[in-house]
Amino acid sequence: MKAHAAVRLYFDRAADRLDLAPALRRLLIIPKREVQVQIPVEMDDGRLETFIGYRVQHDDSRGPMKGGLRYHHEVDLDEVRALATLMTWKTAVVDLPYGGAKGGIAIDPKKLSAKELERITRKFTDQIHDIIGPHEDIPAPDMGTSSREMAWIRNQWEKYHGFGPAVITGKPVEHYGVEGREEATGRGVGILAYKLLGHLNRKPNQTRVALQGFGNVGSHAAKFLHESEYKIVAVGDHTGAYFRREGLDIPKMLKYSLANKGMLQGYTDADRITNDQLLELECELLIPAALGGVITAKNAERIKAPIIIEAANAPTDPDADAILEERGIKVLPDILANAGGVTVSYFEWVQNLQFYKWGLNRVRQELDSVLSRAFDAVWQEANTQRCSLRTAAYMIAIRRVKAATELAGLG
Ligand code: NAD
């Protein structure tokens, strides 16, 4: 199923329970603005290449729009639209004063030099500079981008608009970024895993974890979970997956990947398995933290983990979601599970607007309290409504966006 159709289905399931009128559904689902731009760039060897970039701004009824920027060869308008829509529900479910947006460029960043990436990023910023801004739309890192690209975007945007670090979050600490942003999404996954396991009466040290993805989100989640005594038995990235029944040596894998351009390829202290096998492993907690659409109707029956935490965006197809629910598998949905990143992005933006710097402890404490509050609300809603955590999270989010939309009036 295409990415946007999947998000739409999840939305409809919750909207049905809320008895949302068709006209309002249409308003809440159609993005406010979609931009596709041409990015012509001179490559290092002198060739001209033209790439395609996107920015979709889904909804701004609760505040400026917020969402990451993805560099991946499979990026297309449908995917960016789906991810922008997810951002609206994500910021609403954790109650940040934001709407939702997302951007992307269809490139494989691993095949490009740093100079080429910088030229592409600056050209892209030239094309979208007038629709982003601290009070309008604030991009951030996502798959394939990091603080480096955020610094380029800020620098390029400021050439047009003057000083304004709050135009983008996930910046380097030396560039008005905040300590704790890089770890935030992975740390948030850890905070929420702790809450969820507590409600399910499970102990971390009796919980075997399989984790797909070892980039920003996956590696920080692995570090946090390992330090909290979970037994991580499998980890995978785009080069393959690694399994060790007794538990993997996560600090060693982190060091290995850091020295190996962020890849686990060639790691020898574990058995090699495929990414498909990883998803179907005997374990208590499965965390997809890489691509979307990896849990489908084809493999949902074979998943053995009784708990899934969606660190990645949209890892579960709706057909698969229905199978998992029927099988009693608890799924903590992406719009809550990976909201740690946008939450600390919000803290960064607040600090930039106030020219005031918090310490790392405050960032971590406030992250914990925002996510814990959101988790408790979703857990309670799911119990009251007798529905899945995903439908409960969507219901809370849709209610908030609906209220803001109606209060603003349509005139
Ligand atoms: P990243 O680029 O830092 O890392 C991506 C990881 O996925 C890498 O380890 C890569 O090797 C792996 N991967 C790529 N293709 C794969 C494949 N076919 N099979 C297995 N592994 C594969 O990206 P990230 O920022 O860690 O993002 C991961 C996911 O989390 C994405 O779905 C993203 O939208 C979501 N997310 C990220 C953030 C954030 O703050 N970075 C916030 C919220 C959600």
# chains A, B, ... in the order shown; residues from 1 in each chain; ligands from 1
>>> residues_around(residues="segment 151-162 of chain A", least_positions_apart="3", cutoff="7 Å", atoms="only C-alpha atoms", output="count of residues only")
13
>>> residues_around(residues="Leu407 of chain A", least_positions_apart="5", cutoff="12 Å", atoms="only C-alpha atoms", output="list in words")
Ser61, Arg62, Arg400, Val401 and Lys402 of chain A
>>> residues_near_ligand(ligand="ligand 1", cutoff="6 Å", atoms="only C-alpha atoms and all ligand atoms", output="CSV table (one decimal) with C-alpha atoms, in the first residue's frame")
chain,number,residue,atom,x,y,z
A,141,PRO,CA,17.1,16.0,10.4
A,142,ASP,CA,15.6,12.7,9.3
A,143,MET,CA,16.9,9.7,7.5
A,144,GLY,CA,20.1,10.6,5.6
A,185,THR,CA,14.6,10.2,19.3
A,212,GLN,CA,16.3,-2.8,12.9
A,213,GLY,CA,18.4,0.3,12.0
A,214,PHE,CA,21.6,1.5,13.5
A,215,GLY,CA,21.6,5.1,12.4
A,216,ASN,CA,20.7,8.1,14.5
A,217,VAL,CA,17.6,6.6,16.1
A,218,GLY,CA,18.7,3.0,16.2
A,236,GLY,CA,20.6,-4.6,11.6
A,237,ASP,CA,21.3,-1.9,9.1
A,238,HIS,CA,21.2,-1.7,5.3
A,275,ASN,CA,16.9,-8.2,8.0
A,289,ALA,CA,14.1,2.0,13.5
A,290,ALA,CA,15.0,2.2,9.8
A,291,LEU,CA,12.6,2.3,6.8
A,292,GLY,CA,8.8,2.4,6.5
A,311,ALA,CA,10.9,4.0,16.2
A,312,ALA,CA,10.8,4.4,12.4
A,313,ASN,CA,8.0,6.3,10.7
A,338,ASN,CA,9.6,8.5,17.9
A,341,GLY,CA,13.1,14.0,18.3
>>> closest_residue(among="A:Ile52, A:Ala339, A:Ala270, A:Val344", to="Val233 of chain A", atoms="only C-alpha atoms")
A:Ala270
>>> residues_around(residues="Leu248 of chain A", least_positions_apart="2", cutoff="12 Å", atoms="only C-alpha atoms", output="MDAnalysis selection string")
chainID A and resid 208:211 222:223 225:226 229:236 241:246 250:254 267:271
>>> write_last_selection(atoms="N, CA, C and O atoms", output="short mmCIF file (atom, residue, chain, number, x, y, z; two decimals), in the first residue's frame")
data_model
loop_
_atom_site.label_atom_id
_atom_site.label_comp_id
_atom_site.auth_asym_id
_atom_site.auth_seq_id
_atom_site.Cartn_x
_atom_site.Cartn_y
_atom_site.Cartn_z
N ARG A 208 14.30 -9.58 25.66
CA ARG A 208 15.22 -9.66 24.52
C ARG A 208 14.71 -8.72 23.42
O ARG A 208 13.51 -8.70 23.13
N VAL A 209 15.66 -7.98 22.84
CA VAL A 209 15.27 -6.95 21.86
C VAL A 209 15.89 -7.23 20.49
O VAL A 209 17.07 -7.58 20.41
N ALA A 210 15.09 -7.07 19.44
CA ALA A 210 15.62 -7.07 18.07
C ALA A 210 15.38 -5.68 17.50
O ALA A 210 14.27 -5.16 17.56
N LEU A 211 16.44 -5.08 16.96
CA LEU A 211 16.39 -3.67 16.56
C LEU A 211 16.84 -3.54 15.10
O LEU A 211 17.96 -3.91 14.75
N ALA A 222 19.68 1.84 21.00
CA ALA A 222 20.47 0.67 21.44
C ALA A 222 21.30 1.03 22.67
O ALA A 222 21.35 0.28 23.65
N LYS A 223 21.93 2.19 22.63
CA LYS A 223 22.78 2.62 23.75
C LYS A 223 21.95 2.74 25.03
O LYS A 223 22.31 2.21 26.08
N LEU A 225 18.95 1.46 25.74
CA LEU A 225 18.36 0.19 26.19
C LEU A 225 19.43 -0.70 26.81
O LEU A 225 19.21 -1.35 27.82
N HIS A 226 20.62 -0.70 26.19
CA HIS A 226 21.72 -1.51 26.72
C HIS A 226 22.08 -1.03 28.14
O HIS A 226 22.24 -1.83 29.05
N GLU A 229 19.89 -2.25 30.78
CA GLU A 229 19.96 -3.70 31.02
C GLU A 229 19.03 -4.57 30.18
O GLU A 229 18.77 -5.72 30.52
N TYR A 230 18.50 -4.03 29.08
CA TYR A 230 17.79 -4.90 28.15
C TYR A 230 18.83 -5.79 27.47
O TYR A 230 20.00 -5.40 27.34
N LYS A 231 18.38 -6.94 26.96
CA LYS A 231 19.31 -7.83 26.26
C LYS A 231 19.04 -7.68 24.76
O LYS A 231 18.05 -8.21 24.24
N ILE A 232 19.92 -6.94 24.10
CA ILE A 232 19.72 -6.72 22.66
C ILE A 232 20.36 -7.89 21.92
O ILE A 232 21.58 -8.04 21.90
N VAL A 233 19.51 -8.74 21.31
CA VAL A 233 20.03 -9.96 20.68
C VAL A 233 20.27 -9.78 19.18
O VAL A 233 21.01 -10.57 18.58
N ALA A 234 19.66 -8.77 18.56
CA ALA A 234 19.89 -8.57 17.13
C ALA A 234 19.81 -7.10 16.77
O ALA A 234 19.01 -6.35 17.31
N VAL A 235 20.70 -6.73 15.85
CA VAL A 235 20.74 -5.36 15.35
C VAL A 235 21.02 -5.45 13.85
O VAL A 235 21.82 -6.29 13.41
N GLY A 236 20.35 -4.59 13.06
CA GLY A 236 20.62 -4.63 11.62
C GLY A 236 20.70 -3.24 11.03
O GLY A 236 20.18 -2.28 11.61
N ALA A 241 22.17 -7.95 9.05
CA ALA A 241 21.82 -7.96 10.47
C ALA A 241 22.71 -8.95 11.23
O ALA A 241 23.28 -9.86 10.65
N TYR A 242 22.79 -8.73 12.56
CA TYR A 242 23.73 -9.48 13.41
C TYR A 242 23.00 -9.98 14.63
O TYR A 242 22.23 -9.25 15.24
N PHE A 243 23.25 -11.26 14.97
CA PHE A 243 22.50 -11.91 16.05
C PHE A 243 23.46 -12.57 17.04
O PHE A 243 24.46 -13.17 16.65
N ARG A 244 23.17 -12.41 18.33
CA ARG A 244 23.93 -13.14 19.36
C ARG A 244 22.96 -13.48 20.49
O ARG A 244 22.42 -12.58 21.13
N ARG A 245 22.74 -14.78 20.66
CA ARG A 245 21.74 -15.25 21.62
C ARG A 245 21.96 -14.69 23.02
O ARG A 245 21.03 -14.32 23.73
N GLU A 246 23.25 -14.59 23.43
CA GLU A 246 23.57 -14.15 24.80
C GLU A 246 23.47 -12.63 24.94
O GLU A 246 23.65 -12.08 26.03
N ILE A 250 26.89 -4.05 22.66
CA ILE A 250 26.45 -2.80 22.00
C ILE A 250 27.55 -1.72 21.99
O ILE A 250 27.79 -1.10 20.94
N PRO A 251 28.26 -1.47 23.11
CA PRO A 251 29.31 -0.45 23.05
C PRO A 251 30.34 -0.76 21.94
O PRO A 251 30.78 0.13 21.22
N LYS A 252 30.65 -2.05 21.78
CA LYS A 252 31.61 -2.44 20.74
C LYS A 252 31.03 -2.19 19.33
O LYS A 252 31.72 -1.71 18.44
N MET A 253 29.75 -2.49 19.17
CA MET A 253 29.12 -2.27 17.85
C MET A 253 29.01 -0.78 17.53
O MET A 253 29.17 -0.37 16.38
N LEU A 254 28.76 0.02 18.55
CA LEU A 254 28.67 1.47 18.33
C LEU A 254 30.03 2.00 17.87
O LEU A 254 30.12 2.80 16.93
N TYR A 267 31.20 -6.65 10.68
CA TYR A 267 31.27 -6.92 12.12
C TYR A 267 31.30 -8.44 12.33
O TYR A 267 30.48 -9.16 11.77
N THR A 268 32.25 -8.92 13.14
CA THR A 268 32.44 -10.38 13.19
C THR A 268 32.02 -11.05 14.51
O THR A 268 31.93 -12.27 14.56
N ASP A 269 31.75 -10.27 15.57
CA ASP A 269 31.45 -10.90 16.86
C ASP A 269 29.99 -11.28 17.04
O ASP A 269 29.41 -11.11 18.13
N ALA A 270 29.35 -11.72 15.98
CA ALA A 270 27.94 -12.14 16.03
C ALA A 270 27.65 -12.94 14.77
O ALA A 270 28.42 -12.91 13.82
N ASP A 271 26.50 -13.66 14.78
CA ASP A 271 26.12 -14.41 13.58
C ASP A 271 25.42 -13.48 12.60
O ASP A 271 24.62 -12.64 13.00
#
>>> closest_residue(among="A:Ala374, A:Met43, A:Ala300, A:Ile307", to="Gly340 of chain A", atoms="only C-alpha atoms")
A:Ala374
>>> closest_residue(among="A:Thr391, A:Ser219, A:Gln36, A:Asn201", to="Ile287 of chain A", atoms="only C-alpha atoms")
A:Ser219
>>> residues_around(residues="Ala382 of chain A", least_positions_apart="6", cutoff="12 Å", atoms="only C-alpha atoms", output="PDB file with C-alpha atoms, in the first residue's frame")
ATOM      1  CA  ALA A  14      -9.833   6.968  14.564  1.00  0.00           C
ATOM      2  CA  LYS A 330       1.021  -4.490  21.544  1.00  0.00           C
ATOM      3  CA  VAL A 331       2.202  -1.839  19.091  1.00  0.00           C
ATOM      4  CA  LEU A 332       3.387   1.544  20.332  1.00  0.00           C
ATOM      5  CA  PHE A 375       2.108   8.024  27.023  1.00  0.00           C
ATOM      6  CA  ASP A 376      -0.203   8.094  30.057  1.00  0.00           C
ATOM      7  CA  SER A 388      -5.282  -0.128  20.067  1.00  0.00           C
ATOM      8  CA  LEU A 389      -2.634   2.328  21.242  1.00  0.00           C
ATOM      9  CA  ARG A 390      -2.424   3.589  17.649  1.00  0.00           C
ATOM     10  CA  THR A 391      -6.124   4.393  17.366  1.00  0.00           C
ATOM     11  CA  ALA A 392      -6.024   5.988  20.832  1.00  0.00           C
ATOM     12  CA  ALA A 393      -3.042   8.181  19.842  1.00  0.00           C
ATOM     13  CA  TYR A 394      -4.769   9.237  16.615  1.00  0.00           C
ATOM     14  CA  MET A 395      -7.991  10.017  18.469  1.00  0.00           C
ATOM     15  CA  ILE A 396      -6.215  12.332  20.912  1.00  0.00           C
TER      16      ILE A 396
END
>>> select_by_dssp(residues="segment 105-261 of chain A", states="strand (DSSP E)", output="ChimeraX atom specification")
/A:105,137-141,208-212,231-237,240-243
>>> write_last_selection(atoms="all heavy atoms", output="compact mmCIF listing (two decimals), in the first residue's frame")
# COMPACT_ATOMS: atom_id res chain seq x y z
N ILE A 105 14.72 14.85 -0.44
CA ILE A 105 15.34 14.90 -1.77
C ILE A 105 15.64 13.46 -2.18
O ILE A 105 16.15 12.66 -1.37
CB ILE A 105 16.65 15.73 -1.77
CG1 ILE A 105 16.41 17.13 -1.19
CG2 ILE A 105 17.21 15.83 -3.19
CD1 ILE A 105 17.64 18.04 -1.18
N ASP A 137 7.58 27.33 9.11
CA ASP A 137 7.87 25.90 8.90
C ASP A 137 9.34 25.70 9.25
O ASP A 137 10.22 26.39 8.71
CB ASP A 137 7.59 25.55 7.43
CG ASP A 137 7.98 24.12 7.08
OD1 ASP A 137 8.44 23.37 7.97
OD2 ASP A 137 7.84 23.75 5.90
N ILE A 138 9.59 24.77 10.18
CA ILE A 138 10.93 24.61 10.75
C ILE A 138 11.43 23.18 10.48
O ILE A 138 11.03 22.24 11.16
CB ILE A 138 10.88 24.86 12.29
CG1 ILE A 138 10.22 26.22 12.56
CG2 ILE A 138 12.26 24.78 12.92
CD1 ILE A 138 9.08 26.17 13.53
N PRO A 139 12.29 23.00 9.48
CA PRO A 139 12.80 21.65 9.19
C PRO A 139 13.75 21.13 10.27
O PRO A 139 14.15 21.86 11.19
CB PRO A 139 13.53 21.81 7.85
CG PRO A 139 13.03 23.10 7.27
CD PRO A 139 12.71 23.96 8.45
N ALA A 140 14.12 19.85 10.15
CA ALA A 140 14.98 19.17 11.13
C ALA A 140 15.59 17.94 10.42
O ALA A 140 15.20 17.63 9.31
CB ALA A 140 14.14 18.74 12.33
N PRO A 141 16.49 17.23 11.08
CA PRO A 141 17.06 16.03 10.42
C PRO A 141 16.08 14.86 10.35
O PRO A 141 15.17 14.76 11.17
CB PRO A 141 18.24 15.64 11.32
CG PRO A 141 18.44 16.75 12.28
CD PRO A 141 17.14 17.48 12.38
N ARG A 208 14.30 -9.58 25.66
CA ARG A 208 15.22 -9.66 24.52
C ARG A 208 14.71 -8.72 23.42
O ARG A 208 13.51 -8.70 23.13
CB ARG A 208 15.28 -11.09 23.99
CG ARG A 208 15.95 -12.07 24.93
CD ARG A 208 15.74 -13.49 24.48
NE ARG A 208 14.32 -13.83 24.50
CZ ARG A 208 13.80 -14.97 24.03
NH1 ARG A 208 14.59 -15.88 23.50
NH2 ARG A 208 12.51 -15.20 24.08
N VAL A 209 15.66 -7.98 22.84
CA VAL A 209 15.27 -6.95 21.86
C VAL A 209 15.89 -7.23 20.49
O VAL A 209 17.07 -7.58 20.41
CB VAL A 209 15.76 -5.55 22.33
CG1 VAL A 209 15.29 -4.46 21.37
CG2 VAL A 209 15.30 -5.25 23.75
N ALA A 210 15.09 -7.07 19.44
CA ALA A 210 15.62 -7.07 18.07
C ALA A 210 15.38 -5.68 17.50
O ALA A 210 14.27 -5.16 17.56
CB ALA A 210 14.91 -8.12 17.22
N LEU A 211 16.44 -5.08 16.96
CA LEU A 211 16.39 -3.67 16.56
C LEU A 211 16.84 -3.54 15.10
O LEU A 211 17.96 -3.91 14.75
CB LEU A 211 17.33 -2.89 17.48
CG LEU A 211 17.61 -1.43 17.24
CD1 LEU A 211 16.37 -0.59 17.52
CD2 LEU A 211 18.74 -0.96 18.14
N GLN A 212 15.95 -3.02 14.27
CA GLN A 212 16.33 -2.82 12.86
C GLN A 212 16.67 -1.36 12.62
O GLN A 212 15.83 -0.48 12.83
CB GLN A 212 15.19 -3.23 11.92
CG GLN A 212 15.61 -3.11 10.47
CD GLN A 212 14.47 -3.45 9.51
OE1 GLN A 212 13.46 -2.77 9.48
NE2 GLN A 212 14.65 -4.50 8.75
N LYS A 231 18.38 -6.94 26.96
CA LYS A 231 19.31 -7.83 26.26
C LYS A 231 19.04 -7.68 24.76
O LYS A 231 18.05 -8.21 24.24
CB LYS A 231 19.03 -9.26 26.72
CG LYS A 231 20.06 -10.23 26.25
CD LYS A 231 19.98 -11.44 27.18
CE LYS A 231 20.12 -12.73 26.46
NZ LYS A 231 19.88 -13.88 27.30
N ILE A 232 19.92 -6.94 24.10
CA ILE A 232 19.72 -6.72 22.66
C ILE A 232 20.36 -7.89 21.92
O ILE A 232 21.58 -8.04 21.90
CB ILE A 232 20.31 -5.37 22.22
CG1 ILE A 232 19.69 -4.25 23.07
CG2 ILE A 232 20.07 -5.13 20.73
CD1 ILE A 232 20.16 -2.87 22.76
N VAL A 233 19.51 -8.74 21.31
CA VAL A 233 20.03 -9.96 20.68
C VAL A 233 20.27 -9.78 19.18
O VAL A 233 21.01 -10.57 18.58
CB VAL A 233 19.10 -11.18 20.93
CG1 VAL A 233 19.13 -11.59 22.39
CG2 VAL A 233 17.69 -10.90 20.46
N ALA A 234 19.66 -8.77 18.56
CA ALA A 234 19.89 -8.57 17.13
C ALA A 234 19.81 -7.10 16.77
O ALA A 234 19.01 -6.35 17.31
CB ALA A 234 18.84 -9.34 16.32
N VAL A 235 20.70 -6.73 15.85
CA VAL A 235 20.74 -5.36 15.35
C VAL A 235 21.02 -5.45 13.85
O VAL A 235 21.82 -6.29 13.41
CB VAL A 235 21.86 -4.56 16.05
CG1 VAL A 235 22.23 -3.33 15.25
CG2 VAL A 235 21.44 -4.13 17.46
N GLY A 236 20.35 -4.59 13.06
CA GLY A 236 20.62 -4.63 11.62
C GLY A 236 20.70 -3.24 11.03
O GLY A 236 20.18 -2.28 11.61
N ASP A 237 21.39 -3.15 9.90
CA ASP A 237 21.34 -1.90 9.12
C ASP A 237 21.21 -2.29 7.64
O ASP A 237 20.93 -3.45 7.33
CB ASP A 237 22.54 -0.99 9.43
CG ASP A 237 23.87 -1.54 8.92
OD1 ASP A 237 23.88 -2.58 8.23
OD2 ASP A 237 24.90 -0.92 9.21
N GLY A 240 23.00 -5.50 6.43
CA GLY A 240 22.72 -6.84 6.97
C GLY A 240 22.41 -6.78 8.45
O GLY A 240 22.39 -5.69 9.03
N ALA A 241 22.17 -7.95 9.05
CA ALA A 241 21.82 -7.96 10.47
C ALA A 241 22.71 -8.95 11.23
O ALA A 241 23.28 -9.86 10.65
CB ALA A 241 20.35 -8.32 10.63
N TYR A 242 22.79 -8.73 12.56
CA TYR A 242 23.73 -9.48 13.41
C TYR A 242 23.00 -9.98 14.63
O TYR A 242 22.23 -9.25 15.24
CB TYR A 242 24.90 -8.56 13.81
CG TYR A 242 25.64 -8.09 12.59
CD1 TYR A 242 25.16 -7.00 11.86
CD2 TYR A 242 26.72 -8.80 12.10
CE1 TYR A 242 25.78 -6.61 10.69
CE2 TYR A 242 27.35 -8.41 10.93
CZ TYR A 242 26.87 -7.33 10.22
OH TYR A 242 27.47 -6.96 9.04
N PHE A 243 23.25 -11.26 14.97
CA PHE A 243 22.50 -11.91 16.05
C PHE A 243 23.46 -12.57 17.04
O PHE A 243 24.46 -13.17 16.65
CB PHE A 243 21.58 -12.98 15.44
CG PHE A 243 20.95 -13.89 16.45
CD1 PHE A 243 19.93 -13.43 17.27
CD2 PHE A 243 21.37 -15.21 16.58
CE1 PHE A 243 19.35 -14.27 18.21
CE2 PHE A 243 20.79 -16.06 17.52
CZ PHE A 243 19.77 -15.58 18.33
>>> select_by_dssp(residues="segment 73-111 of chain A", states="alpha helix (DSSP H)", output="list in words")
Leu77, Asp78, Glu79, Val80, Arg81, Ala82, Leu83, Ala84, Thr85, Leu86, Met87, Thr88, Trp89, Lys90, Thr91, Ala92 and Val93 of chain A
>>> write_last_selection(atoms="N, CA, C and O atoms", output="PDB file, in the first residue's frame")
ATOM      1  N   LEU A  77       6.829  12.172  -3.765  1.00  0.00           N
ATOM      2  CA  LEU A  77       5.840  13.084  -3.191  1.00  0.00           C
ATOM      3  C   LEU A  77       4.865  12.351  -2.262  1.00  0.00           C
ATOM      4  O   LEU A  77       4.496  12.861  -1.199  1.00  0.00           O
ATOM      5  N   ASP A  78       4.466  11.145  -2.651  1.00  0.00           N
ATOM      6  CA  ASP A  78       3.513  10.401  -1.823  1.00  0.00           C
ATOM      7  C   ASP A  78       4.090  10.130  -0.435  1.00  0.00           C
ATOM      8  O   ASP A  78       3.410  10.294   0.579  1.00  0.00           O
ATOM      9  N   GLU A  79       5.361   9.718  -0.404  1.00  0.00           N
ATOM     10  CA  GLU A  79       5.980   9.417   0.889  1.00  0.00           C
ATOM     11  C   GLU A  79       6.106  10.685   1.740  1.00  0.00           C
ATOM     12  O   GLU A  79       5.807  10.683   2.937  1.00  0.00           O
ATOM     13  N   VAL A  80       6.530  11.780   1.122  1.00  0.00           N
ATOM     14  CA  VAL A  80       6.713  13.027   1.884  1.00  0.00           C
ATOM     15  C   VAL A  80       5.355  13.527   2.407  1.00  0.00           C
ATOM     16  O   VAL A  80       5.242  13.995   3.540  1.00  0.00           O
ATOM     17  N   ARG A  81       4.329  13.359   1.587  1.00  0.00           N
ATOM     18  CA  ARG A  81       2.974  13.759   2.012  1.00  0.00           C
ATOM     19  C   ARG A  81       2.541  12.932   3.228  1.00  0.00           C
ATOM     20  O   ARG A  81       1.999  13.458   4.199  1.00  0.00           O
ATOM     21  N   ALA A  82       2.809  11.638   3.168  1.00  0.00           N
ATOM     22  CA  ALA A  82       2.443  10.762   4.290  1.00  0.00           C
ATOM     23  C   ALA A  82       3.201  11.176   5.549  1.00  0.00           C
ATOM     24  O   ALA A  82       2.625  11.273   6.644  1.00  0.00           O
ATOM     25  N   LEU A  83       4.494  11.435   5.405  1.00  0.00           N
ATOM     26  CA  LEU A  83       5.315  11.772   6.568  1.00  0.00           C
ATOM     27  C   LEU A  83       4.930  13.138   7.140  1.00  0.00           C
ATOM     28  O   LEU A  83       4.958  13.348   8.351  1.00  0.00           O
ATOM     29  N   ALA A  84       4.543  14.071   6.259  1.00  0.00           N
ATOM     30  CA  ALA A  84       4.099  15.398   6.724  1.00  0.00           C
ATOM     31  C   ALA A  84       2.816  15.256   7.542  1.00  0.00           C
ATOM     32  O   ALA A  84       2.649  15.885   8.595  1.00  0.00           O
ATOM     33  N   THR A  85       1.914  14.400   7.050  1.00  0.00           N
ATOM     34  CA  THR A  85       0.649  14.168   7.751  1.00  0.00           C
ATOM     35  C   THR A  85       0.913  13.548   9.124  1.00  0.00           C
ATOM     36  O   THR A  85       0.340  13.966  10.138  1.00  0.00           O
ATOM     37  N   LEU A  86       1.826  12.559   9.157  1.00  0.00           N
ATOM     38  CA  LEU A  86       2.183  11.935  10.436  1.00  0.00           C
ATOM     39  C   LEU A  86       2.695  12.974  11.423  1.00  0.00           C
ATOM     40  O   LEU A  86       2.437  12.891  12.624  1.00  0.00           O
ATOM     41  N   MET A  87       3.455  13.963  10.915  1.00  0.00           N
ATOM     42  CA  MET A  87       4.001  14.998  11.808  1.00  0.00           C
ATOM     43  C   MET A  87       2.894  15.805  12.489  1.00  0.00           C
ATOM     44  O   MET A  87       3.026  16.208  13.639  1.00  0.00           O
ATOM     45  N   THR A  88       1.803  16.057  11.755  1.00  0.00           N
ATOM     46  CA  THR A  88       0.691  16.798  12.365  1.00  0.00           C
ATOM     47  C   THR A  88       0.128  16.015  13.552  1.00  0.00           C
ATOM     48  O   THR A  88      -0.095  16.567  14.637  1.00  0.00           O
ATOM     49  N   TRP A  89      -0.058  14.705  13.359  1.00  0.00           N
ATOM     50  CA  TRP A  89      -0.625  13.886  14.448  1.00  0.00           C
ATOM     51  C   TRP A  89       0.401  13.717  15.568  1.00  0.00           C
ATOM     52  O   TRP A  89       0.063  13.653  16.736  1.00  0.00           O
ATOM     53  N   LYS A  90       1.681  13.643  15.182  1.00  0.00           N
ATOM     54  CA  LYS A  90       2.741  13.457  16.191  1.00  0.00           C
ATOM     55  C   LYS A  90       2.855  14.677  17.109  1.00  0.00           C
ATOM     56  O   LYS A  90       2.861  14.549  18.326  1.00  0.00           O
ATOM     57  N   THR A  91       2.933  15.875  16.524  1.00  0.00           N
ATOM     58  CA  THR A  91       3.074  17.067  17.367  1.00  0.00           C
ATOM     59  C   THR A  91       1.820  17.261  18.222  1.00  0.00           C
ATOM     60  O   THR A  91       1.891  17.739  19.346  1.00  0.00           O
ATOM     61  N   ALA A  92       0.666  16.830  17.670  1.00  0.00           N
ATOM     62  CA  ALA A  92      -0.578  16.978  18.439  1.00  0.00           C
ATOM     63  C   ALA A  92      -0.635  15.976  19.581  1.00  0.00           C
ATOM     64  O   ALA A  92      -1.060  16.327  20.686  1.00  0.00           O
ATOM     65  N   VAL A  93      -0.192  14.745  19.351  1.00  0.00           N
ATOM     66  CA  VAL A  93      -0.357  13.745  20.423  1.00  0.00           C
ATOM     67  C   VAL A  93       0.577  14.046  21.594  1.00  0.00           C
ATOM     68  O   VAL A  93       0.238  13.778  22.749  1.00  0.00           O
TER      69      VAL A  93
END
>>> atom_distance(atom1="atom CA of Thr384 of chain A", atom2="atom CA of Gly186 of chain A")
29.0 Å
